[in-house]
file protein17.txt (compact mmCIF, C-alpha atoms and all ligand atoms)
# COMPACT_ATOMS: atom_id res chain seq x y z
CA MET U 1 28.19 19.39 -5.25
CA ALA U 2 26.30 16.69 -7.13
CA GLU U 3 28.47 14.72 -9.57
CA TYR U 4 25.84 15.50 -12.19
CA LEU U 5 24.57 19.04 -12.35
CA LEU U 6 21.63 18.21 -14.58
CA GLU U 7 19.79 14.88 -14.66
CA VAL U 8 16.98 14.02 -17.03
CA GLU U 9 15.17 10.77 -16.41
CA GLY U 10 12.67 9.15 -18.79
CA VAL U 11 11.38 12.47 -20.12
CA SER U 12 8.71 12.46 -22.85
CA LYS U 13 6.64 15.13 -24.64
CA THR U 14 3.85 14.66 -27.17
CA PHE U 15 2.32 17.45 -29.27
CA GLY U 16 -1.04 16.23 -30.59
CA GLY U 17 -0.08 12.92 -32.20
CA LEU U 18 3.62 13.77 -32.50
CA ARG U 19 5.99 12.21 -29.99
CA ALA U 20 8.62 14.95 -30.02
CA VAL U 21 10.70 13.55 -27.13
CA ARG U 22 10.53 9.90 -26.11
CA GLU U 23 11.78 8.54 -22.81
CA VAL U 24 15.03 10.48 -22.87
CA SER U 25 17.49 10.07 -20.00
CA LEU U 26 20.82 11.84 -19.73
CA ALA U 27 23.10 13.21 -17.03
CA VAL U 28 25.35 16.23 -17.50
CA PRO U 29 28.50 16.13 -15.33
CA ALA U 30 29.21 19.29 -13.33
CA GLY U 31 31.91 21.35 -15.03
CA SER U 32 31.60 19.67 -18.44
CA LEU U 33 31.11 21.02 -21.95
CA THR U 34 28.78 18.68 -23.80
CA ALA U 35 26.54 18.73 -26.87
CA LEU U 36 23.17 17.56 -28.07
CA ILE U 37 23.09 16.84 -31.80
CA GLY U 38 20.68 15.33 -34.32
CA PRO U 39 18.68 16.09 -37.46
CA ASN U 40 16.14 18.89 -37.78
CA GLY U 41 12.98 18.11 -35.85
CA ALA U 42 14.73 15.50 -33.68
CA GLY U 43 13.41 17.13 -30.50
CA LYS U 44 16.55 18.94 -29.30
CA THR U 45 14.96 22.33 -28.64
CA THR U 46 11.92 20.66 -27.09
CA LEU U 47 14.23 18.78 -24.74
CA PHE U 48 15.85 22.11 -23.76
CA SER U 49 12.38 23.50 -23.07
CA LEU U 50 11.55 20.52 -20.88
CA MET U 51 14.82 20.94 -18.98
CA SER U 52 14.42 24.67 -18.46
CA GLY U 53 10.71 24.77 -17.59
CA PHE U 54 9.37 26.42 -20.76
CA GLN U 55 7.37 23.23 -21.23
CA ARG U 56 6.32 20.52 -18.81
CA PRO U 57 7.18 16.90 -19.67
CA ASP U 58 4.30 14.41 -19.95
CA THR U 59 6.44 11.87 -18.11
CA GLY U 60 9.82 11.79 -16.43
CA ARG U 61 11.83 13.97 -14.05
CA VAL U 62 14.41 16.75 -14.34
CA ARG U 63 16.89 17.49 -11.54
CA LEU U 64 19.29 20.39 -11.14
CA GLY U 65 22.05 19.94 -8.57
CA GLY U 66 20.12 16.96 -7.17
CA ARG U 67 16.85 18.92 -6.70
CA ASP U 68 13.71 18.01 -8.57
CA ILE U 69 12.78 20.93 -10.88
CA THR U 70 10.36 19.08 -13.18
CA GLY U 71 7.97 21.63 -14.71
CA GLN U 72 9.33 24.44 -12.52
CA ALA U 73 8.93 27.88 -14.13
CA PRO U 74 11.91 29.21 -16.12
CA HIS U 75 12.49 32.23 -13.86
CA LEU U 76 12.78 29.94 -10.83
CA ASN U 77 15.19 27.72 -12.73
CA ALA U 78 17.17 30.83 -13.63
CA ARG U 79 17.37 31.70 -9.92
CA MET U 80 18.71 28.20 -9.28
CA GLY U 81 21.42 28.78 -11.88
CA MET U 82 20.09 27.61 -15.23
CA GLY U 83 20.70 29.96 -18.17
CA ARG U 84 19.45 29.45 -21.70
CA THR U 85 19.91 31.03 -25.10
CA PHE U 86 17.37 30.81 -27.91
CA GLN U 87 17.81 29.79 -31.52
CA ILE U 88 15.95 32.88 -32.72
CA VAL U 89 17.65 35.89 -31.21
CA GLN U 90 15.23 38.64 -30.20
CA PRO U 91 17.06 41.52 -28.53
CA PHE U 92 15.29 44.72 -27.50
CA ALA U 93 16.33 46.40 -30.74
CA ALA U 94 16.05 50.04 -29.67
CA GLN U 95 17.98 49.53 -26.43
CA THR U 96 21.73 49.54 -26.23
CA VAL U 97 23.82 46.38 -25.96
CA ARG U 98 24.55 47.30 -22.32
CA GLU U 99 20.84 47.69 -21.48
CA ASN U 100 20.00 44.39 -23.18
CA ILE U 101 22.59 42.54 -21.12
CA ALA U 102 21.46 44.32 -17.94
CA VAL U 103 18.05 42.64 -18.32
CA GLY U 104 19.75 39.35 -17.41
CA ALA U 105 21.85 41.00 -14.69
CA HIS U 106 18.68 42.25 -12.94
CA LEU U 107 18.14 38.70 -11.69
CA HIS U 108 20.85 39.38 -9.10
CA HIS U 109 21.02 43.18 -9.01
CA ALA U 110 17.89 45.08 -8.05
CA ASN U 111 19.90 48.28 -8.41
CA ARG U 112 20.03 49.54 -12.00
CA ARG U 113 23.53 50.96 -11.75
CA GLU U 114 24.88 47.65 -10.47
CA ALA U 115 23.04 45.74 -13.22
CA LEU U 116 24.57 48.01 -15.86
CA ALA U 117 28.06 47.62 -14.34
CA SER U 118 27.66 43.86 -14.28
CA ALA U 119 26.49 43.99 -17.92
CA THR U 120 29.69 45.82 -18.86
CA ALA U 121 31.81 43.06 -17.32
CA VAL U 122 29.83 40.33 -19.10
CA ALA U 123 30.14 42.15 -22.44
CA GLU U 124 33.92 42.07 -22.11
CA ARG U 125 33.81 38.30 -21.61
CA VAL U 126 32.03 37.75 -24.92
CA GLY U 127 33.93 40.38 -26.90
CA LEU U 128 31.12 42.96 -27.02
CA GLY U 129 33.03 45.61 -25.04
CA PRO U 130 33.42 48.02 -27.98
CA GLN U 131 29.70 47.75 -28.88
CA LEU U 132 28.25 48.50 -25.44
CA ASP U 133 26.63 51.83 -26.30
CA LYS U 134 25.29 50.85 -29.71
CA PRO U 135 21.62 49.97 -30.19
CA ALA U 136 21.21 46.20 -30.42
CA SER U 137 19.66 46.67 -33.88
CA ASP U 138 23.11 47.79 -35.15
CA LEU U 139 24.70 44.42 -34.39
CA THR U 140 25.58 41.93 -37.11
CA VAL U 141 24.27 38.36 -36.87
CA ALA U 142 27.51 37.38 -35.10
CA GLY U 143 27.11 40.31 -32.70
CA ARG U 144 23.53 39.29 -31.92
CA LYS U 145 24.66 35.77 -31.15
CA ARG U 146 27.22 37.18 -28.71
CA LEU U 147 24.52 39.38 -27.19
CA GLU U 148 22.26 36.38 -26.69
CA LEU U 149 25.13 34.60 -24.96
CA ALA U 150 25.85 37.67 -22.81
CA ARG U 151 22.21 38.01 -21.73
CA ALA U 152 22.22 34.42 -20.50
CA LEU U 153 25.64 34.81 -18.85
CA ALA U 154 24.46 37.91 -17.01
CA THR U 155 22.09 35.72 -14.99
CA ARG U 156 25.27 34.08 -13.58
CA PRO U 157 24.33 30.51 -14.53
CA ARG U 158 25.91 27.35 -13.15
CA LEU U 159 24.46 25.56 -16.16
CA LEU U 160 24.21 27.21 -19.57
CA LEU U 161 22.04 25.70 -22.31
CA LEU U 162 23.16 27.05 -25.69
CA ASP U 163 20.74 26.60 -28.58
CA GLU U 164 22.71 26.89 -31.84
CA VAL U 165 24.85 29.90 -30.96
CA LEU U 166 26.93 29.23 -34.10
CA ALA U 167 24.04 29.04 -36.57
CA GLY U 168 24.25 31.62 -39.33
CA LEU U 169 27.89 32.47 -38.66
CA ASN U 170 30.60 32.26 -41.32
CA PRO U 171 33.68 30.06 -40.76
CA GLN U 172 35.76 32.96 -39.42
CA GLU U 173 33.01 34.05 -37.01
CA ILE U 174 32.66 30.45 -35.84
CA ALA U 175 36.41 30.23 -35.23
CA GLU U 176 36.21 33.46 -33.19
CA MET U 177 33.30 32.17 -31.12
CA LEU U 178 34.90 28.84 -30.12
CA PRO U 179 37.33 30.34 -27.57
CA VAL U 180 34.47 32.41 -26.10
CA VAL U 181 32.46 29.25 -25.40
CA ARG U 182 35.54 27.41 -24.14
CA ALA U 183 36.38 30.26 -21.75
CA ILE U 184 32.87 30.20 -20.26
CA ARG U 185 33.38 26.58 -19.34
CA GLU U 186 36.87 27.28 -18.02
CA GLU U 187 35.35 29.87 -15.69
CA GLY U 188 33.37 27.02 -14.11
CA VAL U 189 30.06 27.14 -15.97
CA THR U 190 28.72 23.77 -17.12
CA VAL U 191 27.75 24.08 -20.79
CA LEU U 192 25.33 21.94 -22.81
CA MET U 193 25.04 23.03 -26.44
CA ILE U 194 22.67 22.13 -29.26
CA GLU U 195 24.80 22.46 -32.37
CA HIS U 196 24.70 21.53 -36.04
CA VAL U 197 28.20 22.84 -36.78
CA MET U 198 29.90 19.48 -36.35
CA GLN U 199 33.46 20.76 -36.63
CA ALA U 200 32.74 22.92 -33.57
CA VAL U 201 31.18 20.01 -31.70
CA MET U 202 34.28 17.89 -32.42
CA ASN U 203 36.44 20.76 -31.22
CA LEU U 204 34.58 21.69 -28.06
CA ALA U 205 32.51 18.88 -26.65
CA GLU U 206 33.83 16.09 -24.48
CA HIS U 207 30.59 14.12 -24.64
CA VAL U 208 27.75 14.10 -27.15
CA TRP U 209 24.15 12.86 -27.07
CA VAL U 210 22.43 12.14 -30.37
CA LEU U 211 18.68 12.52 -30.74
CA ALA U 212 16.72 11.27 -33.75
CA GLN U 213 12.92 11.33 -33.96
CA GLY U 214 12.71 12.14 -30.28
CA GLU U 215 14.86 9.21 -29.15
CA LEU U 216 18.39 9.10 -27.86
CA ILE U 217 20.19 6.86 -30.36
CA ALA U 218 23.82 7.24 -29.24
CA GLU U 219 26.10 8.95 -26.76
CA GLY U 220 29.82 9.17 -26.12
CA PRO U 221 32.91 11.18 -27.07
CA PRO U 222 32.40 12.95 -30.43
CA GLN U 223 35.08 10.96 -32.25
CA VAL U 224 33.31 7.71 -31.25
CA VAL U 225 29.74 8.87 -31.83
CA THR U 226 30.48 10.19 -35.32
CA ARG U 227 31.64 6.70 -36.37
CA ASP U 228 28.48 5.06 -35.05
CA PRO U 229 26.57 3.64 -38.06
CA LYS U 230 23.23 4.63 -36.47
CA VAL U 231 24.40 8.27 -36.24
CA VAL U 232 25.86 8.26 -39.75
CA GLU U 233 22.57 6.87 -41.06
CA ALA U 234 20.19 9.13 -39.10
CA TYR U 235 22.14 12.37 -39.19
CA LEU U 236 25.62 12.80 -40.61
CA GLY U 237 25.64 10.87 -43.86
CA HIS U 238 28.78 9.05 -45.00
CA GLY U 239 30.50 12.07 -46.58
CA THR U 240 30.35 14.25 -43.47
CA ALA U 241 31.29 11.37 -41.17
CA ALA U 242 34.38 10.63 -43.27
CA ARG U 243 35.38 14.31 -43.39
CA LEU U 244 35.01 14.61 -39.63
CA GLN U 245 37.16 11.54 -39.04
CA ARG U 246 39.83 12.95 -41.37
CA GLY U 247 39.61 16.26 -39.49
CA MET U 248 40.13 14.49 -36.17
CA THR U 249 43.14 12.63 -37.55
CA ALA U 250 44.65 15.87 -38.85
CA GLN U 251 44.05 17.55 -35.52
CA ALA U 252 45.60 14.65 -33.59
CA GLU U 253 48.68 14.85 -35.86
CA VAL U 254 49.00 18.59 -35.23
CA GLN U 255 48.71 18.08 -31.48
CA ALA U 256 51.17 15.17 -31.39
N1 LIG U 301 4.92 23.70 -29.50
C1 LIG U 301 4.88 22.75 -30.43
N2 LIG U 301 3.70 22.31 -30.91
C2 LIG U 301 3.66 21.33 -31.85
N3 LIG U 301 4.74 20.72 -32.36
C3 LIG U 301 5.94 21.12 -31.90
C4 LIG U 301 6.07 22.15 -30.93
N4 LIG U 301 7.40 22.32 -30.67
C5 LIG U 301 8.05 21.44 -31.46
N5 LIG U 301 7.18 20.72 -32.20
C6 LIG U 301 7.52 19.64 -33.14
O1 LIG U 301 8.32 18.72 -32.41
C7 LIG U 301 9.34 18.18 -33.24
C8 LIG U 301 10.69 18.46 -32.57
O2 LIG U 301 10.99 19.85 -32.73
P1 LIG U 301 12.28 20.53 -32.11
O3 LIG U 301 12.21 22.00 -32.45
O4 LIG U 301 12.40 20.17 -30.70
O5 LIG U 301 13.43 19.84 -32.97
P2 LIG U 301 14.96 20.21 -33.08
O6 LIG U 301 15.71 18.94 -32.97
O7 LIG U 301 15.29 21.30 -32.13
O8 LIG U 301 15.06 20.75 -34.58
P3 LIG U 301 16.01 21.87 -35.26
O9 LIG U 301 17.38 21.28 -35.33
O10 LIG U 301 15.39 22.05 -36.62
O11 LIG U 301 15.91 23.10 -34.41
C9 LIG U 301 9.19 18.82 -34.60
O12 LIG U 301 8.47 17.94 -35.42
C10 LIG U 301 8.40 20.07 -34.30
O13 LIG U 301 7.63 20.48 -35.41
call {"tool": "encode", "arguments": {"input": "protein17.txt", "output": "structure tokens"}}
result
Amino acid sequence: MAEYLLEVEGVSKTFGGLRAVREVSLAVPAGSLTALIGPNGAGKTTLFSLMSGFQRPDTGRVRLGGRDITGQAPHLNARMGMGRTFQIVQPFAAQTVRENIAVGAHLHHANRREALASATAVAERVGLGPQLDKPASDLTVAGRKRLELARALATRPRLLLLDEVLAGLNPQEIAEMLPVVRAIREEGVTVLMIEHVMQAVMNLAEHVWVLAQGELIAEGPPQVVTRDPKVVEAYLGHGTAARLQRGMTAQAEVQA
């Protein structure tokens, strides 16, 4: 297996006059749980779209498992093992949770019964077991986020791109979601997450890339990156940075 599951090299995207992503290069190690952070409009979701084939980069290359997939259609990337969730969750509201998840499972199961059985197993992994027969429209925001995760997991990804799966959740729901994300990685799926909930990033990610105005301005372990003056200036602000550092210290003391 390639040391890096996903490699992005000098990727750029311009919309009209706006340079949304500028010459970004990054490499995601196989088996890792990493994060992409940065202010609103920094280009994070656009970068996900360039990685997953929803948009084609103007320049640069994207490789998955060493193979060039630049501009390759999303369904082909899904077949090669790339799963993605979306910031705005749009389930098939009238269908049940099981049927919604089965849509993803159909990638590997032509047979409907098998797809539904596989959906049941995936639902258990994300804690949606008790909701399987409910219409998706009955789910809370937290339930919909889990459903979005399950639909992507059902495609059996090697690489999972998570776009703000914690957005809109309350602190307790976030705390309940962290072990779900951690378990996905422990099952061998490489996870790259876009996330604004910094406490979760500090908790989960082993490596972080920071985008601002389309450019990569820093990368490294979260406790290092959140001290970086460029990151504090462009994204965190001094108050949040200080709180995060205090949080890390408290956590280190608990673990010691
Ligand atoms: N299809 C598009 N056409 C024109 N402009 C776009 C398009 N997609 C994104 N943009 C612009 O590109 C910039 C980057 O947007 P993007 O959604 O990638 O940022 P982001 O970092 O994901 O932000 P957020 O954290 O708010 O989701 C923004 O200025 C956005 O308005």
call {"tool": "axis_aligned_box", "arguments": {"input": "protein17.txt", "around": "ligand LIG 301 (chain U)", "padding_each_side": "5 Å", "output": "JSON"}}
result
{"center_x": 10.5, "center_y": 20.8, "center_z": -33.1, "size_x": 23.7, "size_y": 15.8, "size_z": 17.1}
call {"tool": "residues_near_point", "arguments": {"input": "protein17.txt", "point": "(23.8, 42.4, -16.6)", "cutoff": "12 Å", "atoms": "only C-alpha atoms", "output": "PyMOL selection string"}}
result
chain U and resi 97-125+132+147-156
call {"tool": "closest_atom_pairs", "arguments": {"input": "protein17.txt", "of": "chain U", "to": "ligand LIG 301 (chain U)", "cutoff": "10 Å", "atoms": "only C-alpha atoms and all ligand atoms", "output": "Markdown table"}}
result
| residue | atom | partner | partner_atom | distance |
| --- | --- | --- | --- | --- |
| U:Lys13 | CA | U:LIG301 | O1 | 8.7 |
| U:Thr14 | CA | U:LIG301 | O1 | 8.0 |
| U:Phe15 | CA | U:LIG301 | C2 | 4.8 |
| U:Gly16 | CA | U:LIG301 | C2 | 7.0 |
| U:Gly17 | CA | U:LIG301 | N3 | 9.2 |
| U:Leu18 | CA | U:LIG301 | O1 | 6.8 |
| U:Arg19 | CA | U:LIG301 | O1 | 7.3 |
| U:Ala20 | CA | U:LIG301 | O1 | 4.5 |
| U:Val21 | CA | U:LIG301 | C8 | 7.3 |
| U:Leu36 | CA | U:LIG301 | O6 | 9.0 |
| U:Ile37 | CA | U:LIG301 | O6 | 7.8 |
| U:Gly38 | CA | U:LIG301 | O6 | 6.3 |
| U:Pro39 | CA | U:LIG301 | O9 | 5.8 |
| U:Asn40 | CA | U:LIG301 | O10 | 3.4 |
| U:Gly41 | CA | U:LIG301 | O5 | 3.4 |
| U:Ala42 | CA | U:LIG301 | O6 | 3.6 |
| U:Gly43 | CA | U:LIG301 | O4 | 3.2 |
| U:Lys44 | CA | U:LIG301 | O6 | 3.8 |
| U:Thr45 | CA | U:LIG301 | O7 | 3.7 |
| U:Thr46 | CA | U:LIG301 | O4 | 3.7 |
| U:Leu47 | CA | U:LIG301 | O4 | 6.4 |
| U:Phe48 | CA | U:LIG301 | O4 | 8.0 |
| U:Ser49 | CA | U:LIG301 | O4 | 8.3 |
| U:Leu50 | CA | U:LIG301 | O4 | 9.9 |
| U:Gln55 | CA | U:LIG301 | N1 | 8.6 |
| U:Gln87 | CA | U:LIG301 | O11 | 7.5 |
| U:Ile88 | CA | U:LIG301 | O11 | 9.9 |
| U:Asp163 | CA | U:LIG301 | O11 | 8.3 |
| U:Glu164 | CA | U:LIG301 | O11 | 8.2 |
| U:Ile194 | CA | U:LIG301 | O7 | 8.0 |
| U:Glu195 | CA | U:LIG301 | O9 | 8.1 |
| U:His196 | CA | U:LIG301 | O9 | 7.4 |
| U:Val210 | CA | U:LIG301 | O6 | 9.9 |
| U:Leu211 | CA | U:LIG301 | O6 | 7.4 |
| U:Ala212 | CA | U:LIG301 | O6 | 7.8 |
| U:Gln213 | CA | U:LIG301 | C8 | 7.6 |
| U:Gly214 | CA | U:LIG301 | C8 | 7.0 |
call {"tool": "atom_distance", "arguments": {"input": "protein17.txt", "atom1": "CA of Ala30 (chain U)", "atom2": "CA of Val224 (chain U)"}}
result
21.7 Å
call {"tool": "residues_around", "arguments": {"input": "protein17.txt", "residues": "Glu7 (chain U)", "least_positions_apart": "6", "cutoff": "8 Å", "atoms": "all atoms listed in the file", "output": "PDB file with C-alpha atoms, keeping the file's coordinate frame"}}
result
ATOM      1  CA  SER U  25      17.490  10.070 -20.000  1.00  0.00           C
ATOM      2  CA  LEU U  26      20.820  11.840 -19.730  1.00  0.00           C
ATOM      3  CA  ALA U  27      23.100  13.210 -17.030  1.00  0.00           C
ATOM      4  CA  VAL U  28      25.350  16.230 -17.500  1.00  0.00           C
ATOM      5  CA  VAL U  62      14.410  16.750 -14.340  1.00  0.00           C
ATOM      6  CA  ARG U  63      16.890  17.490 -11.540  1.00  0.00           C
ATOM      7  CA  LEU U  64      19.290  20.390 -11.140  1.00  0.00           C
ATOM      8  CA  GLY U  66      20.120  16.960  -7.170  1.00  0.00           C
TER       9      GLY U  66
END
call {"tool": "atom_distance", "arguments": {"input": "protein17.txt", "atom1": "CA of Met51 (chain U)", "atom2": "CA of Glu215 (chain U)"}}
result
15.5 Å
call {"tool": "atom_distance", "arguments": {"input": "protein17.txt", "atom1": "CA of Met193 (chain U)", "atom2": "CA of Val225 (chain U)"}}
result
15.9 Å
call {"tool": "closest_residue", "arguments": {"input": "protein17.txt", "among": "U:Leu33, U:Leu76, U:Leu178, U:Val231", "to": "Leu192 (chain U)", "atoms": "all atoms listed in the file"}}
result
U:Leu33
call {"tool": "closest_residue", "arguments": {"input": "protein17.txt", "among": "U:Glu206, U:Glu9, U:Glu233, U:Glu176", "to": "Ala142 (chain U)", "atoms": "all atoms listed in the file"}}
result
U:Glu176
